[in-house]
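Student: Dropping in final37.txt, with compact mmCIF, C-alpha atoms and all ligand atoms.
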# COMPACT_ATOMS: atom_id res chain seq x y z
CA MET A 1 0.00 0.00 0.00
CA PRO A 2 1.42 3.40 -0.91
CA THR A 3 2.60 5.31 2.10
CA SER A 4 2.90 8.95 1.16
CA ARG A 5 0.72 11.75 2.44
CA ARG A 6 -0.79 14.31 0.14
CA ASN A 7 -3.03 16.73 1.92
CA ASP A 8 -3.54 19.77 -0.24
CA GLY A 9 -4.44 18.18 -3.57
CA HIS A 10 -1.53 19.92 -5.31
CA ALA A 11 1.36 18.02 -6.85
CA PRO A 12 4.39 18.78 -4.67
CA PRO A 13 7.59 19.92 -6.42
CA PRO A 14 9.81 17.00 -7.42
CA ALA A 15 12.40 15.89 -4.87
CA ILE A 16 14.28 14.08 -7.62
CA SER A 17 14.09 14.61 -11.35
CA ALA A 18 16.16 13.40 -14.25
CA VAL A 19 16.03 13.87 -17.99
CA ALA A 20 17.72 11.60 -20.53
CA LEU A 21 20.26 10.25 -18.04
CA ARG A 22 22.92 8.16 -19.73
CA LYS A 23 25.84 6.08 -18.51
CA SER A 24 28.08 3.58 -20.24
CA TYR A 25 30.99 1.48 -19.07
CA GLY A 26 33.23 0.90 -22.08
CA ASP A 27 30.93 -0.17 -24.89
CA LYS A 28 28.25 -1.36 -22.45
CA THR A 29 25.36 1.08 -22.19
CA VAL A 30 23.95 0.78 -18.70
CA LEU A 31 21.53 3.73 -18.67
CA ASP A 32 20.22 4.65 -22.09
CA GLY A 33 18.34 7.86 -21.40
CA ILE A 34 16.14 7.58 -18.35
CA ASP A 35 13.68 10.19 -17.11
CA LEU A 36 12.54 10.43 -13.50
CA HIS A 37 10.06 12.65 -11.71
CA ILE A 38 9.71 11.85 -8.03
CA PRO A 39 7.42 14.07 -5.93
CA ALA A 40 8.56 15.08 -2.45
CA GLY A 41 7.21 12.86 0.32
CA SER A 42 6.65 9.85 -1.91
CA VAL A 43 8.25 6.43 -2.21
CA PHE A 44 9.70 5.54 -5.58
CA ALA A 45 10.90 2.03 -6.32
CA LEU A 46 13.33 1.21 -9.10
CA LEU A 47 13.00 -2.42 -10.07
CA GLY A 48 15.08 -4.36 -12.51
CA PRO A 49 16.86 -7.64 -12.99
CA ASN A 50 20.41 -8.05 -11.70
CA GLY A 51 22.78 -5.77 -13.56
CA ALA A 52 19.98 -3.58 -14.96
CA GLY A 53 21.63 -0.40 -13.71
CA LYS A 54 19.73 0.35 -10.52
CA THR A 55 22.83 0.97 -8.41
CA THR A 56 24.35 3.01 -11.24
CA ALA A 57 21.27 5.27 -11.19
CA VAL A 58 21.56 5.63 -7.40
CA LYS A 59 25.26 6.43 -7.67
CA ILE A 60 24.61 9.19 -10.22
CA LEU A 61 21.77 10.72 -8.21
CA THR A 62 23.85 10.64 -5.01
CA THR A 63 26.84 12.23 -6.81
CA LEU A 64 29.14 9.22 -6.33
CA ILE A 65 29.69 8.97 -10.08
CA SER A 66 28.88 11.30 -12.95
CA ALA A 67 26.52 10.63 -15.83
CA ASP A 68 27.76 10.66 -19.44
CA GLY A 69 24.70 12.61 -20.56
CA GLY A 70 21.43 14.08 -19.39
CA GLN A 71 20.60 16.08 -16.30
CA ALA A 72 19.43 15.34 -12.81
CA GLN A 73 18.26 17.48 -9.94
CA VAL A 74 18.03 16.29 -6.37
CA ALA A 75 16.48 18.57 -3.72
CA GLY A 76 16.62 21.37 -6.26
CA HIS A 77 20.38 21.01 -6.89
CA ASP A 78 21.94 19.87 -10.13
CA VAL A 79 23.96 16.72 -9.37
CA ALA A 80 26.81 17.74 -11.69
CA GLU A 81 26.97 21.45 -10.86
CA HIS A 82 26.13 21.48 -7.16
CA PRO A 83 27.05 18.08 -5.74
CA ASP A 84 27.61 19.55 -2.25
CA GLY A 85 24.04 20.86 -2.19
CA VAL A 86 22.78 17.39 -3.12
CA ARG A 87 24.97 15.69 -0.51
CA GLY A 88 23.72 18.03 2.20
CA ALA A 89 20.11 17.08 1.52
CA ILE A 90 20.31 13.32 1.14
CA GLY A 91 21.00 10.18 3.10
CA VAL A 92 22.21 7.00 1.47
CA THR A 93 22.23 3.47 2.75
CA GLY A 94 23.66 1.13 0.21
CA GLN A 95 24.41 -2.50 -0.22
CA PHE A 96 27.75 -1.70 1.39
CA SER A 97 26.91 -0.41 4.79
CA ALA A 98 28.69 2.48 6.49
CA VAL A 99 28.58 0.62 9.82
CA ASP A 100 32.02 0.01 11.38
CA GLY A 101 31.88 -3.38 13.08
CA LEU A 102 34.85 -2.76 15.34
CA ILE A 103 33.18 -0.03 17.37
CA THR A 104 29.84 -0.02 19.19
CA GLY A 105 26.54 1.07 17.71
CA GLU A 106 26.64 4.16 19.88
CA GLU A 107 30.17 5.03 18.76
CA ASN A 108 29.12 4.64 15.12
CA MET A 109 26.32 7.11 15.74
CA LEU A 110 28.57 9.59 17.59
CA LEU A 111 31.08 9.41 14.76
CA MET A 112 28.35 10.30 12.31
CA ALA A 113 27.21 13.18 14.52
CA ASP A 114 30.82 14.37 14.56
CA LEU A 115 30.85 14.38 10.75
CA HIS A 116 27.77 16.59 10.92
CA LEU A 117 29.72 18.97 13.19
CA MET A 118 27.30 18.58 16.09
CA SER A 119 28.20 19.67 19.61
CA LYS A 120 28.91 16.80 22.03
CA ARG A 121 25.65 17.45 23.87
CA GLU A 122 23.57 17.49 20.71
CA ALA A 123 25.38 14.39 19.41
CA ARG A 124 24.59 12.46 22.58
CA GLN A 125 20.96 13.51 22.48
CA VAL A 126 20.43 12.67 18.79
CA THR A 127 22.26 9.34 19.23
CA ALA A 128 20.13 8.34 22.21
CA GLU A 129 16.91 9.29 20.43
CA LEU A 130 17.73 7.44 17.24
CA LEU A 131 19.03 4.33 19.01
CA ALA A 132 15.78 4.20 20.99
CA ARG A 133 13.68 4.75 17.87
CA PHE A 134 15.37 1.85 16.12
CA ASP A 135 15.23 -0.44 19.13
CA LEU A 136 19.00 -0.47 19.57
CA THR A 137 19.35 1.05 23.05
CA GLU A 138 20.13 -2.28 24.69
CA ALA A 139 22.74 -3.18 22.07
CA ALA A 140 24.21 0.34 21.97
CA THR A 141 27.38 -0.50 23.89
CA LYS A 142 28.12 -3.75 22.03
CA PRO A 143 30.42 -3.88 19.00
CA ALA A 144 28.38 -3.56 15.80
CA SER A 145 30.03 -6.75 14.49
CA THR A 146 27.94 -8.70 17.01
CA TYR A 147 24.66 -7.32 15.58
CA SER A 148 22.27 -9.39 13.47
CA GLY A 149 21.70 -8.43 9.83
CA GLY A 150 18.47 -6.63 10.74
CA MET A 151 20.16 -4.72 13.59
CA LYS A 152 23.00 -3.63 11.29
CA ARG A 153 20.51 -2.31 8.72
CA ARG A 154 18.64 -0.45 11.45
CA LEU A 155 21.89 1.06 12.70
CA ASP A 156 22.79 1.99 9.13
CA ILE A 157 19.49 3.85 8.68
CA ALA A 158 19.80 5.45 12.14
CA MET A 159 23.27 6.74 11.12
CA THR A 160 21.80 8.12 7.89
CA LEU A 161 19.14 9.99 9.86
CA VAL A 162 21.65 11.83 12.09
CA GLY A 163 21.73 14.63 9.53
CA THR A 164 17.89 14.64 9.15
CA PRO A 165 17.99 14.21 5.37
CA ARG A 166 14.78 14.99 3.47
CA ILE A 167 15.58 12.49 0.72
CA ILE A 168 16.83 8.99 1.40
CA PHE A 169 18.24 6.49 -1.08
CA LEU A 170 17.86 2.90 0.03
CA ASP A 171 19.73 0.51 -2.24
CA GLU A 172 18.20 -2.92 -1.64
CA PRO A 173 17.45 -2.23 2.03
CA THR A 174 16.09 -5.67 2.87
CA THR A 175 18.25 -7.98 0.78
CA GLY A 176 19.32 -10.89 2.94
CA LEU A 177 16.96 -10.09 5.82
CA ASP A 178 14.56 -12.66 7.25
CA PRO A 179 10.82 -11.98 6.82
CA ARG A 180 10.39 -10.47 10.30
CA SER A 181 13.33 -8.06 9.86
CA ARG A 182 12.04 -7.21 6.39
CA HIS A 183 8.64 -6.29 7.81
CA ASN A 184 10.33 -4.23 10.54
CA MET A 185 12.28 -2.37 7.87
CA TRP A 186 9.07 -1.69 5.93
CA GLY A 187 7.60 -0.20 9.12
CA ILE A 188 10.67 2.05 9.47
CA ILE A 189 10.39 3.18 5.85
CA ARG A 190 6.68 3.97 6.32
CA GLU A 191 7.49 6.06 9.38
CA LEU A 192 10.09 8.01 7.44
CA VAL A 193 7.56 8.76 4.74
CA ALA A 194 4.97 9.74 7.32
CA ASP A 195 7.51 12.34 8.47
CA GLY A 196 7.61 13.72 4.93
CA VAL A 197 10.88 12.11 3.80
CA THR A 198 11.18 11.13 0.13
CA VAL A 199 12.40 7.58 -0.37
CA PHE A 200 14.16 6.30 -3.49
CA LEU A 201 14.29 2.55 -3.18
CA THR A 202 15.89 -0.12 -5.28
CA THR A 203 14.76 -3.63 -4.67
CA GLN A 204 14.73 -7.09 -6.12
CA TYR A 205 11.55 -7.85 -4.20
CA LEU A 206 8.41 -7.10 -6.13
CA GLU A 207 6.39 -7.53 -2.98
CA GLU A 208 8.45 -4.78 -1.37
CA ALA A 209 7.73 -2.35 -4.20
CA ASP A 210 4.05 -3.33 -4.08
CA GLU A 211 3.92 -2.73 -0.31
CA LEU A 212 5.80 0.55 -0.13
CA ALA A 213 5.98 2.42 -3.37
CA ASP A 214 3.68 5.12 -4.71
CA ARG A 215 5.34 4.71 -8.07
CA ILE A 216 7.40 1.91 -9.50
CA ALA A 217 9.70 2.03 -12.52
CA VAL A 218 10.92 -1.13 -14.18
CA LEU A 219 14.41 -0.76 -15.62
CA ASN A 220 15.31 -3.03 -18.49
CA ASP A 221 17.96 -2.80 -21.21
CA GLY A 222 19.01 0.63 -19.97
CA LYS A 223 15.52 2.10 -20.36
CA ILE A 224 12.49 2.47 -18.14
CA ALA A 225 10.23 -0.20 -19.58
CA ALA A 226 7.19 0.94 -17.61
CA GLU A 227 6.33 3.27 -14.79
CA GLY A 228 3.25 3.71 -12.66
CA SER A 229 1.56 2.71 -9.44
CA ALA A 230 1.52 -1.01 -8.70
CA ASP A 231 -2.13 -1.13 -9.82
CA GLN A 232 -1.43 0.72 -13.05
CA LEU A 233 1.41 -1.66 -13.87
CA LYS A 234 -0.74 -4.69 -13.11
CA ARG A 235 -3.41 -3.42 -15.48
CA MET A 236 -0.86 -3.04 -18.28
CA ILE A 237 -0.48 -6.72 -18.89
CA PRO A 238 -2.97 -9.47 -19.52
CA GLY A 239 -2.75 -12.64 -17.51
CA GLY A 240 -5.89 -12.77 -15.39
CA HIS A 241 -7.53 -16.17 -15.59
CA VAL A 242 -9.77 -18.66 -13.86
CA ARG A 243 -8.19 -22.04 -13.31
CA LEU A 244 -10.42 -25.09 -13.22
CA ARG A 245 -8.97 -28.37 -12.01
CA PHE A 246 -10.68 -31.71 -12.40
CA THR A 247 -10.12 -35.21 -11.04
CA ASP A 248 -12.61 -36.82 -13.42
CA PRO A 249 -11.06 -37.05 -16.94
CA THR A 250 -14.56 -37.17 -18.55
CA ALA A 251 -15.61 -33.94 -16.87
CA TYR A 252 -12.27 -32.40 -17.90
CA GLN A 253 -12.73 -33.45 -21.54
CA ALA A 254 -16.31 -32.15 -21.62
CA ALA A 255 -15.25 -28.78 -20.25
CA ALA A 256 -12.16 -28.60 -22.50
CA SER A 257 -14.19 -29.27 -25.67
CA ALA A 258 -16.78 -26.63 -24.81
CA LEU A 259 -14.46 -23.93 -23.44
CA THR A 260 -12.44 -23.46 -26.61
CA GLU A 261 -10.68 -20.30 -25.40
CA ALA A 262 -9.19 -22.17 -22.43
CA ALA A 263 -5.52 -23.14 -22.25
CA ARG A 264 -5.37 -26.87 -21.57
CA SER A 265 -3.12 -28.86 -19.33
CA ASP A 266 -4.10 -32.45 -20.13
CA GLU A 267 -1.62 -33.85 -17.66
CA ALA A 268 -2.90 -31.83 -14.70
CA LEU A 269 -6.54 -32.03 -15.91
CA ALA A 270 -6.62 -28.25 -15.62
CA LEU A 271 -7.99 -25.43 -17.76
CA GLN A 272 -7.06 -21.76 -17.68
CA ILE A 273 -9.81 -19.48 -18.93
CA PRO A 274 -8.84 -15.84 -19.60
CA SER A 275 -10.83 -13.59 -17.26
CA ASP A 276 -10.84 -10.03 -16.00
CA GLY A 277 -11.63 -11.42 -12.56
CA SER A 278 -15.00 -9.67 -12.40
CA GLN A 279 -17.93 -11.17 -10.50
CA ARG A 280 -19.96 -11.15 -13.74
CA GLU A 281 -17.44 -13.25 -15.69
CA LEU A 282 -16.93 -15.63 -12.81
CA ARG A 283 -20.68 -16.12 -12.34
CA SER A 284 -21.30 -16.77 -16.02
CA LEU A 285 -18.57 -19.43 -16.05
CA LEU A 286 -19.93 -21.13 -12.92
CA ASP A 287 -23.51 -20.94 -14.28
CA TRP A 288 -22.36 -22.53 -17.51
CA LEU A 289 -20.62 -25.37 -15.62
CA ASP A 290 -23.79 -25.96 -13.56
CA ALA A 291 -26.02 -25.96 -16.64
CA ALA A 292 -23.72 -28.41 -18.41
CA GLY A 293 -23.64 -30.64 -15.32
CA ILE A 294 -19.84 -30.39 -15.13
CA GLU A 295 -18.23 -30.28 -11.73
CA ALA A 296 -14.72 -28.87 -11.29
CA ASP A 297 -12.87 -29.97 -8.17
CA GLU A 298 -11.10 -26.66 -7.77
CA VAL A 299 -11.81 -23.16 -9.02
CA ALA A 300 -9.07 -20.58 -8.56
CA LEU A 301 -8.92 -16.97 -9.70
CA HIS A 302 -5.57 -15.52 -10.70
CA THR A 303 -5.21 -11.76 -11.18
CA PRO A 304 -1.91 -10.46 -12.55
CA ASP A 305 0.52 -9.51 -9.83
CA LEU A 306 3.71 -7.49 -9.94
CA ASP A 307 5.64 -10.69 -10.66
CA ASP A 308 3.70 -11.08 -13.92
CA VAL A 309 4.41 -7.46 -14.83
CA PHE A 310 8.09 -7.78 -14.03
CA PHE A 311 8.58 -10.96 -16.00
CA ALA A 312 6.51 -9.65 -18.94
CA LEU A 313 8.45 -6.37 -19.11
CA THR A 314 11.94 -7.67 -18.54
CA GLY A 315 11.47 -10.59 -20.89
CA SER A 316 12.68 -13.07 -18.33
CA ASP A 317 10.94 -16.36 -17.68
CA LYS A 318 8.76 -16.59 -14.65
CA PRO A 319 10.07 -19.31 -12.33
CA LYS A 320 7.93 -22.43 -12.74
CA GLU A 321 7.02 -22.74 -9.07
CA THR A 322 5.36 -19.31 -9.00
CA VAL A 323 3.00 -20.11 -11.89
CA ARG A 324 -0.41 -20.49 -10.36
N1 LIG A 401 32.64 0.45 -12.39
C1 LIG A 401 32.13 -0.34 -13.33
N2 LIG A 401 32.88 -0.70 -14.40
C2 LIG A 401 32.37 -1.49 -15.38
N3 LIG A 401 31.11 -1.97 -15.38
C3 LIG A 401 30.33 -1.65 -14.35
C4 LIG A 401 30.79 -0.82 -13.26
N4 LIG A 401 29.77 -0.67 -12.38
C5 LIG A 401 28.72 -1.36 -12.88
N5 LIG A 401 29.04 -1.96 -14.05
C6 LIG A 401 28.16 -2.78 -14.89
O1 LIG A 401 26.98 -2.03 -15.14
C7 LIG A 401 25.84 -2.87 -15.12
C8 LIG A 401 24.82 -2.33 -14.13
O2 LIG A 401 25.31 -2.47 -12.82
P1 LIG A 401 24.47 -2.03 -11.55
O3 LIG A 401 25.28 -2.36 -10.34
O4 LIG A 401 24.02 -0.62 -11.70
O5 LIG A 401 23.21 -2.99 -11.66
P2 LIG A 401 22.05 -3.30 -10.62
O6 LIG A 401 20.76 -3.15 -11.36
O7 LIG A 401 22.22 -2.44 -9.41
O8 LIG A 401 22.30 -4.81 -10.29
P3 LIG A 401 22.11 -5.67 -8.92
O9 LIG A 401 20.63 -5.88 -8.74
O10 LIG A 401 22.81 -6.94 -9.27
O11 LIG A 401 22.74 -4.89 -7.81
C9 LIG A 401 26.32 -4.27 -14.79
O12 LIG A 401 26.45 -4.99 -15.98
C10 LIG A 401 27.68 -4.02 -14.16
O13 LIG A 401 28.53 -5.11 -14.39
Could you take the file, read its structure, and then write that structure out as structure tokens?
Ligand SMILES: Nc1ncnc2c1ncn2[C@@H]1O[C@H](COP(=O)(O)OP(=O)(O)OP(=O)(O)O)[C@@H](O)[C@H]1O
Tutor:
Amino acid sequence: MPTSRRNDGHAPPPAISAVALRKSYGDKTVLDGIDLHIPAGSVFALLGPNGAGKTTAVKILTTLISADGGQAQVAGHDVAEHPDGVRGAIGVTGQFSAVDGLITGEENMLLMADLHLMSKREARQVTAELLARFDLTEAATKPASTYSGGMKRRLDIAMTLVGTPRIIFLDEPTTGLDPRSRHNMWGIIRELVADGVTVFLTTQYLEEADELADRIAVLNDGKIAAEGSADQLKRMIPGGHVRLRFTDPTAYQAAASALTEAARSDEALALQIPSDGSQRELRSLLDWLDAAGIEADEVALHTPDLDDVFFALTGSDKPKETVR
């Protein structure tokens, strides 16, 4: 579910925008002209298969590398012309965390506060507040190397928040976390957005984009293959169907001969009938089965999910076990 707040009905000015952004490594074009328009206070998810260029896009927008072409503005600053302005407005937690394992969580935080030129008193106060907010008070005096993966990610985000950035880049924030830690992280991201922070997220998890993002862009072959809300993307591709499964081969054959538009699976005694998932279509199918005296043992409705969209747009095969 999207998490951003929009109270006044007006489109807020973009927190991040890019036009025709390009980047190549040697003769490999990684970004082939991408446009972005990310309103302040929203969550944007950049999805793409491994190697699609997600991290490259994050690196350009966070001024770590420069683009070969195009323009980008972050927090109103041009990334090429005013990188310091961009850096002052953003927080970044990447796949390579800034956490130093040899020192304690608290010391990591104080170090960060030092980098932000805070007074000792302010540093201690901000550190205590953030450690409490991220449920790290108890572990504060233990070396960060002893933390679990979820605790390290929480510390990483807490360190990012020391400078109260208004725009946060999260490069695969939940990769490698167990489901509980992942859900905790989603809660943290929702809280950030509730405070008005803009979140630019890259993720390999379609469910994560579905849960958090107001808008999702699918990066493929250096271009944005599609962009929209999760619902808009799901509507872009066909794939909704009703699946009928039989145990009686005669009933299966009778249904298969009459329902000519159905895709057959003779081995599984199953039929897939294209459907928009509406009550009307479902009722007419069930009425027809009743009238014909055919009984299916299982009726299942499949509406396209983000997985279908992703696999359709990136041209990759959907793993067999997720085909329903
Ligand atoms: N410094 C570099 N020199 C040469 N090639 C690079 C460099 N950095 C990235 N690449 C290549 O650019 C492509 C995009 O990489 P990038 O890390 O942006 O992808 P990604 O979408 O973030 O992938 P993943 O999901 O695996 O993290 C890859 O083919 C990668 O090998």
Student: For region 263-266 of chain A, list every protein, DNA or RNA residue within 9 Å, evaluated using only C-alpha atoms, and leave out those in the same chain fewer than 5 positions away; present the list as a list of chain:residue names.
Tutor: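 Selected residues are A:Pro249, A:Tyr252, A:Gln253, A:Ala256, A:Leu271, A:Gln272, A:Ile273, A:Pro274.
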Student: Tell me, as a CSV table (one decimal) with C-alpha atoms, in the frame of the given file, which residues lie within 9 Å of region 131-138 of chain A, counting all atoms listed in the file; anything in the same chain fewer than 3 positions away does not count.
Tutor:
chain,number,residue,atom,x,y,z
A,105,GLY,CA,26.5,1.1,17.7
A,106,GLU,CA,26.6,4.2,19.9
A,109,MET,CA,26.3,7.1,15.7
A,126,VAL,CA,20.4,12.7,18.8
A,127,THR,CA,22.3,9.3,19.2
A,128,ALA,CA,20.1,8.3,22.2
A,141,THR,CA,27.4,-0.5,23.9
A,142,LYS,CA,28.1,-3.8,22.0
A,151,MET,CA,20.2,-4.7,13.6
A,154,ARG,CA,18.6,-0.4,11.4
A,155,LEU,CA,21.9,1.1,12.7
A,157,ILE,CA,19.5,3.8,8.7
A,158,ALA,CA,19.8,5.4,12.1
A,188,ILE,CA,10.7,2.0,9.5
Student: What is the atom O4 of ligand LIG 401 (chain A) to CA of Val162 (chain A) distance in Å?
Tutor: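 Distance between the two atoms: 27.0 Å.
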Student: Which residues form the shell of 6 Å around ligand LIG 401 (chain A) when you count all atoms listed in the file, given as a list in words?
Tutor: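 Every residue with an atom at most 6 Å from ligand LIG 401 (chain A) is listed here: Tyr25, Val30, Gly48, Pro49, Asn50, Gly51, Ala52, Gly53, Lys54, Thr55 and Thr56 of chain A.
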Student: With all atoms listed in the file as the atoms that count, which of A:Arg153, A:Lys59, A:Arg283, A:Arg87 lies nearest to Trp186 (chain A)?
Tutor: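 Under the stated criterion, the closest residue is A:Arg153.
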Student: Using only C-alpha atoms, can you tell me which of A:Gly222, A:Pro165, A:Gly293, A:Pro179 comes closest to Gly85 (chain A)?
Tutor: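 Closest to Gly85 (chain A), using only C-alpha atoms: A:Pro165.
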Student: Which residues come within 12 Å of Ile103 (chain A), counting all atoms listed in the file, excluding same-chain residues fewer than 2 positions away, as a list in words?
Tutor: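 Near neighbours after the sequence-gap exclusion: Val99, Asp100, Gly101, Gly105, Glu106, Glu107, Asn108, Met109, Leu110, Leu111, Ala139, Ala140, Thr141, Lys142, Pro143, Ala144, Ser145, Thr146 and Tyr147 of chain A.
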Student: Could you state the separation of CA of Val86 (chain A) and CA of Val74 (chain A) in Å, given to one decimal place?
Tutor: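 Answer for the CA of Val86 (chain A) to CA of Val74 (chain A) separation: 5.9 Å.
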Student: Which residue gives the smallest distance to Asp221 (chain A) among A:Gly196, A:Gly41, A:Gly91, A:Gly33, with all atoms listed in the file counted?
Tutor: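 Using all atoms listed in the file, Asp221 (chain A) sits closest to A:Gly33.
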Student: Quick one, how far is CA of His37 (chain A) from CA of Ala15 (chain A)?
Tutor: 7.9 Å
